[in-house]
Amino acid sequence: MEVKKYESVLERCGVSGLLEGGFNSVLHNHPDDPIGYLATYFDTVARPRADPLANAVALLNSTSIRDMPSFELNLHECFRELTHQPINGSHQSSQPISSLGLPGLLFASLLRRLLADVASVFSGKLLRSLNLRDWQPVSYMLFRHGVVSSLLLVEYVDRCREIHTGVSGAEGGASRGVLERIINEFAIAVSYRGSLAELHSMQSLDRHRIGSLMSAGVEETSPNMDFVEFTSRLIDVLLNKNK
């Protein structure tokens, strides 16, 4: 009797549903740190209206983009939540958001948060390629493309930094000839069609392959290529593939 009384109280307060949702999410997503994951989950769900963009970023970052079934579910959940959010401070904040998508202004704000650690010279390329309009509804397919591309871009910039540093060596200059070979190798990798092409394209640039490309150009003397040019050109390859 006492147990049923407590269960009734928990259900009435919404605690039972919160706990069940958190545990189901852990079972579905298999996070490396389940306790930390639950803490983030409860914080996100308990205050869903406080900052919808922060909630969306936390949810999108809670699952690896390579765990596509789970990540896809999180994408759907974020899209659903954001399409029901008003836009604070706008003259249209009291108007319902179109069921066809969410406004480009809100979507661009989400992408900027996902790209917060990426230099604007790189993130700007992606944002411009999406050609968003402030009040033009964003479909789910464009939403998915923009989010996946943003998360990939974060990984690509970090990997480009590692590659450029490795090619530079002790002299501090990265051979243009070697980096041109790496860019060509990357272009070949992303040219393969398939939903996971972009996810696996950087795997072709492992240390063994980069070492081979560096050895092939060991006798060459060519000007250097700086990190910004190298990374920008790799990003251009990725964006052109997705046009």
# chains A, B, ... in the order shown; residues from 1 in each chain; ligands from 1
call {"tool": "residues_around", "arguments": {"residues": "Tyr41 of chain A", "least_positions_apart": "4", "cutoff": "10 Å", "atoms": "only C-alpha atoms", "output": "JSON, numbers by chain"}}
result
{"A": [18, 19, 21, 22, 23, 25, 26, 35, 36, 37, 45, 46, 55, 58, 59, 62]}
call {"tool": "write_last_selection", "arguments": {"atoms": "N, CA, C and O atoms", "output": "PDB file, in the first residue's frame"}}
result
ATOM      1  N   LEU A  18      10.420  10.927 -15.790  1.00  0.00           N
ATOM      2  CA  LEU A  18      11.775  11.465 -15.969  1.00  0.00           C
ATOM      3  C   LEU A  18      12.818  10.375 -15.773  1.00  0.00           C
ATOM      4  O   LEU A  18      13.753  10.231 -16.574  1.00  0.00           O
ATOM      5  N   LEU A  19      12.664   9.583 -14.705  1.00  0.00           N
ATOM      6  CA  LEU A  19      13.620   8.512 -14.430  1.00  0.00           C
ATOM      7  C   LEU A  19      13.580   7.443 -15.516  1.00  0.00           C
ATOM      8  O   LEU A  19      14.622   6.984 -15.992  1.00  0.00           O
ATOM      9  N   GLY A  21      12.628   7.780 -18.616  1.00  0.00           N
ATOM     10  CA  GLY A  21      13.222   8.317 -19.845  1.00  0.00           C
ATOM     11  C   GLY A  21      14.734   8.339 -19.787  1.00  0.00           C
ATOM     12  O   GLY A  21      15.415   8.010 -20.765  1.00  0.00           O
ATOM     13  N   GLY A  22      15.288   8.713 -18.623  1.00  0.00           N
ATOM     14  CA  GLY A  22      16.749   8.751 -18.469  1.00  0.00           C
ATOM     15  C   GLY A  22      17.364   7.379 -18.576  1.00  0.00           C
ATOM     16  O   GLY A  22      18.366   7.183 -19.282  1.00  0.00           O
ATOM     17  N   PHE A  23      16.764   6.387 -17.914  1.00  0.00           N
ATOM     18  CA  PHE A  23      17.302   5.030 -17.952  1.00  0.00           C
ATOM     19  C   PHE A  23      17.188   4.427 -19.349  1.00  0.00           C
ATOM     20  O   PHE A  23      18.101   3.748 -19.829  1.00  0.00           O
ATOM     21  N   SER A  25      17.218   6.090 -22.105  1.00  0.00           N
ATOM     22  CA  SER A  25      18.190   6.780 -22.949  1.00  0.00           C
ATOM     23  C   SER A  25      19.585   6.192 -22.764  1.00  0.00           C
ATOM     24  O   SER A  25      20.343   6.039 -23.722  1.00  0.00           O
ATOM     25  N   VAL A  26      19.936   5.857 -21.511  1.00  0.00           N
ATOM     26  CA  VAL A  26      21.239   5.228 -21.246  1.00  0.00           C
ATOM     27  C   VAL A  26      21.318   3.867 -21.942  1.00  0.00           C
ATOM     28  O   VAL A  26      22.328   3.538 -22.582  1.00  0.00           O
ATOM     29  N   ILE A  35      26.865   7.929 -15.678  1.00  0.00           N
ATOM     30  CA  ILE A  35      26.467   8.842 -14.608  1.00  0.00           C
ATOM     31  C   ILE A  35      26.473  10.284 -15.117  1.00  0.00           C
ATOM     32  O   ILE A  35      25.527  11.053 -14.900  1.00  0.00           O
ATOM     33  N   GLY A  36      27.557  10.670 -15.799  1.00  0.00           N
ATOM     34  CA  GLY A  36      27.628  12.011 -16.373  1.00  0.00           C
ATOM     35  C   GLY A  36      26.555  12.236 -17.417  1.00  0.00           C
ATOM     36  O   GLY A  36      25.987  13.325 -17.531  1.00  0.00           O
ATOM     37  N   TYR A  37      26.267  11.182 -18.197  1.00  0.00           N
ATOM     38  CA  TYR A  37      25.224  11.275 -19.221  1.00  0.00           C
ATOM     39  C   TYR A  37      23.869  11.532 -18.578  1.00  0.00           C
ATOM     40  O   TYR A  37      23.094  12.381 -19.043  1.00  0.00           O
ATOM     41  N   VAL A  45      16.313  17.833 -19.546  1.00  0.00           N
ATOM     42  CA  VAL A  45      14.874  17.577 -19.555  1.00  0.00           C
ATOM     43  C   VAL A  45      14.150  18.364 -18.469  1.00  0.00           C
ATOM     44  O   VAL A  45      13.030  18.831 -18.659  1.00  0.00           O
ATOM     45  N   ALA A  46      14.799  18.542 -17.326  1.00  0.00           N
ATOM     46  CA  ALA A  46      14.144  19.223 -16.204  1.00  0.00           C
ATOM     47  C   ALA A  46      13.935  20.705 -16.475  1.00  0.00           C
ATOM     48  O   ALA A  46      13.047  21.332 -15.918  1.00  0.00           O
ATOM     49  N   ASN A  55      20.107  23.165 -24.700  1.00  0.00           N
ATOM     50  CA  ASN A  55      19.599  21.806 -24.558  1.00  0.00           C
ATOM     51  C   ASN A  55      19.876  20.989 -25.814  1.00  0.00           C
ATOM     52  O   ASN A  55      20.263  19.821 -25.747  1.00  0.00           O
ATOM     53  N   ALA A  58      23.604  20.097 -26.052  1.00  0.00           N
ATOM     54  CA  ALA A  58      23.939  19.034 -25.096  1.00  0.00           C
ATOM     55  C   ALA A  58      23.460  17.679 -25.603  1.00  0.00           C
ATOM     56  O   ALA A  58      24.183  16.677 -25.515  1.00  0.00           O
ATOM     57  N   LEU A  59      22.265  17.635 -26.158  1.00  0.00           N
ATOM     58  CA  LEU A  59      21.717  16.375 -26.654  1.00  0.00           C
ATOM     59  C   LEU A  59      22.483  15.884 -27.876  1.00  0.00           C
ATOM     60  O   LEU A  59      22.795  14.697 -27.991  1.00  0.00           O
ATOM     61  N   SER A  62      25.757  14.380 -26.938  1.00  0.00           N
ATOM     62  CA  SER A  62      25.709  13.264 -25.991  1.00  0.00           C
ATOM     63  C   SER A  62      25.921  11.920 -26.674  1.00  0.00           C
ATOM     64  O   SER A  62      26.187  10.922 -26.010  1.00  0.00           O
TER      65      SER A  62
END
call {"tool": "residues_around", "arguments": {"residues": "Ala119 of chain A", "least_positions_apart": "6", "cutoff": "12 Å", "atoms": "only C-alpha atoms", "output": "list in words"}}
result
Arg112, Lys125, Leu126, Leu153, Val154, Val157, Asp158, Phe227, Val228, Thr231 and Ser232 of chain A
call {"tool": "write_last_selection", "arguments": {"atoms": "N, CA and C atoms", "output": "tab-separated table (two decimals), in the first residue's frame"}}
result
chain	number	residue	atom	x	y	z
A	112	ARG	N	26.11	27.91	-34.86
A	112	ARG	CA	27.21	28.70	-34.30
A	112	ARG	C	27.64	28.16	-32.94
A	125	LYS	N	32.58	29.38	-43.79
A	125	LYS	CA	32.43	28.69	-45.07
A	125	LYS	C	31.18	27.80	-45.07
A	126	LEU	N	31.01	27.07	-43.98
A	126	LEU	CA	29.84	26.19	-43.89
A	126	LEU	C	28.55	27.00	-43.81
A	153	LEU	N	32.88	19.21	-39.24
A	153	LEU	CA	33.83	20.30	-39.39
A	153	LEU	C	34.70	20.44	-38.14
A	154	VAL	N	34.11	20.28	-36.97
A	154	VAL	CA	34.88	20.35	-35.73
A	154	VAL	C	35.98	19.27	-35.75
A	157	VAL	N	38.77	20.12	-38.53
A	157	VAL	CA	39.72	21.18	-38.18
A	157	VAL	C	40.76	20.65	-37.20
A	158	ASP	N	40.33	19.85	-36.23
A	158	ASP	CA	41.29	19.27	-35.28
A	158	ASP	C	42.26	18.34	-36.00
A	227	PHE	N	48.57	26.73	-42.23
A	227	PHE	CA	47.47	25.93	-41.70
A	227	PHE	C	46.12	26.41	-42.21
A	228	VAL	N	45.91	27.70	-42.29
A	228	VAL	CA	44.62	28.24	-42.72
A	228	VAL	C	44.32	27.84	-44.16
A	231	THR	N	43.67	23.91	-44.31
A	231	THR	CA	42.37	23.54	-43.74
A	231	THR	C	41.22	24.06	-44.60
A	232	SER	N	41.35	25.29	-45.11
A	232	SER	CA	40.31	25.86	-45.95
A	232	SER	C	40.09	25.04	-47.20
call {"tool": "select_by_dssp", "arguments": {"residues": "segment 102-157 of chain A", "states": "alpha helix (DSSP H)", "output": "PDB file with C-alpha atoms, in the first residue's frame"}}
result
ATOM      1  CA  GLY A 104      16.899  30.027 -40.443  1.00  0.00           C
ATOM      2  CA  LEU A 105      17.821  32.551 -37.734  1.00  0.00           C
ATOM      3  CA  LEU A 106      17.295  29.984 -34.973  1.00  0.00           C
ATOM      4  CA  PHE A 107      19.040  27.261 -36.952  1.00  0.00           C
ATOM      5  CA  ALA A 108      22.061  29.481 -37.627  1.00  0.00           C
ATOM      6  CA  SER A 109      22.310  30.217 -33.891  1.00  0.00           C
ATOM      7  CA  LEU A 110      22.356  26.492 -33.143  1.00  0.00           C
ATOM      8  CA  LEU A 111      25.097  25.859 -35.699  1.00  0.00           C
ATOM      9  CA  ARG A 112      27.215  28.700 -34.298  1.00  0.00           C
ATOM     10  CA  ARG A 113      27.045  27.071 -30.881  1.00  0.00           C
ATOM     11  CA  LEU A 114      28.077  23.725 -32.314  1.00  0.00           C
ATOM     12  CA  SER A 120      35.215  31.879 -38.041  1.00  0.00           C
ATOM     13  CA  VAL A 121      37.364  31.658 -41.174  1.00  0.00           C
ATOM     14  CA  PHE A 122      36.347  27.960 -41.304  1.00  0.00           C
ATOM     15  CA  SER A 123      32.867  27.967 -39.766  1.00  0.00           C
ATOM     16  CA  GLY A 124      31.874  30.870 -42.012  1.00  0.00           C
ATOM     17  CA  LYS A 125      32.431  28.687 -45.070  1.00  0.00           C
ATOM     18  CA  LEU A 126      29.841  26.195 -43.894  1.00  0.00           C
ATOM     19  CA  LEU A 127      27.296  28.807 -42.805  1.00  0.00           C
ATOM     20  CA  ARG A 128      27.561  30.625 -46.130  1.00  0.00           C
ATOM     21  CA  SER A 129      27.167  27.374 -48.058  1.00  0.00           C
ATOM     22  CA  LEU A 130      23.830  26.703 -46.325  1.00  0.00           C
ATOM     23  CA  TYR A 140      14.407  18.487 -41.441  1.00  0.00           C
ATOM     24  CA  MET A 141      16.733  17.351 -44.244  1.00  0.00           C
ATOM     25  CA  LEU A 142      18.541  20.701 -44.261  1.00  0.00           C
ATOM     26  CA  PHE A 143      18.601  20.655 -40.456  1.00  0.00           C
ATOM     27  CA  ARG A 144      20.232  17.220 -40.506  1.00  0.00           C
ATOM     28  CA  HIS A 145      22.728  18.213 -43.175  1.00  0.00           C
ATOM     29  CA  GLY A 146      23.758  21.373 -41.310  1.00  0.00           C
ATOM     30  CA  VAL A 147      24.161  19.665 -37.931  1.00  0.00           C
ATOM     31  CA  VAL A 148      26.111  16.693 -39.311  1.00  0.00           C
ATOM     32  CA  SER A 149      28.340  18.988 -41.383  1.00  0.00           C
ATOM     33  CA  SER A 150      29.024  21.187 -38.342  1.00  0.00           C
ATOM     34  CA  LEU A 151      30.052  18.262 -36.161  1.00  0.00           C
ATOM     35  CA  LEU A 152      32.217  16.898 -38.968  1.00  0.00           C
ATOM     36  CA  LEU A 153      33.830  20.301 -39.386  1.00  0.00           C
ATOM     37  CA  VAL A 154      34.883  20.347 -35.729  1.00  0.00           C
ATOM     38  CA  GLU A 155      36.590  16.976 -36.222  1.00  0.00           C
ATOM     39  CA  TYR A 156      38.158  17.991 -39.531  1.00  0.00           C
ATOM     40  CA  VAL A 157      39.717  21.177 -38.181  1.00  0.00           C
TER      41      VAL A 157
END
call {"tool": "atom_distance", "arguments": {"atom1": "atom CA of Ala54 of chain A", "atom2": "atom CA of Trp135 of chain A"}}
result
20.8 Å
call {"tool": "atom_distance", "arguments": {"atom1": "atom CA of Leu239 of chain A", "atom2": "atom CA of Gly166 of chain A"}}
result
24.6 Å
call {"tool": "atom_distance", "arguments": {"atom1": "atom CA of Asp236 of chain A", "atom2": "atom CA of Asn184 of chain A"}}
result
12.1 Å
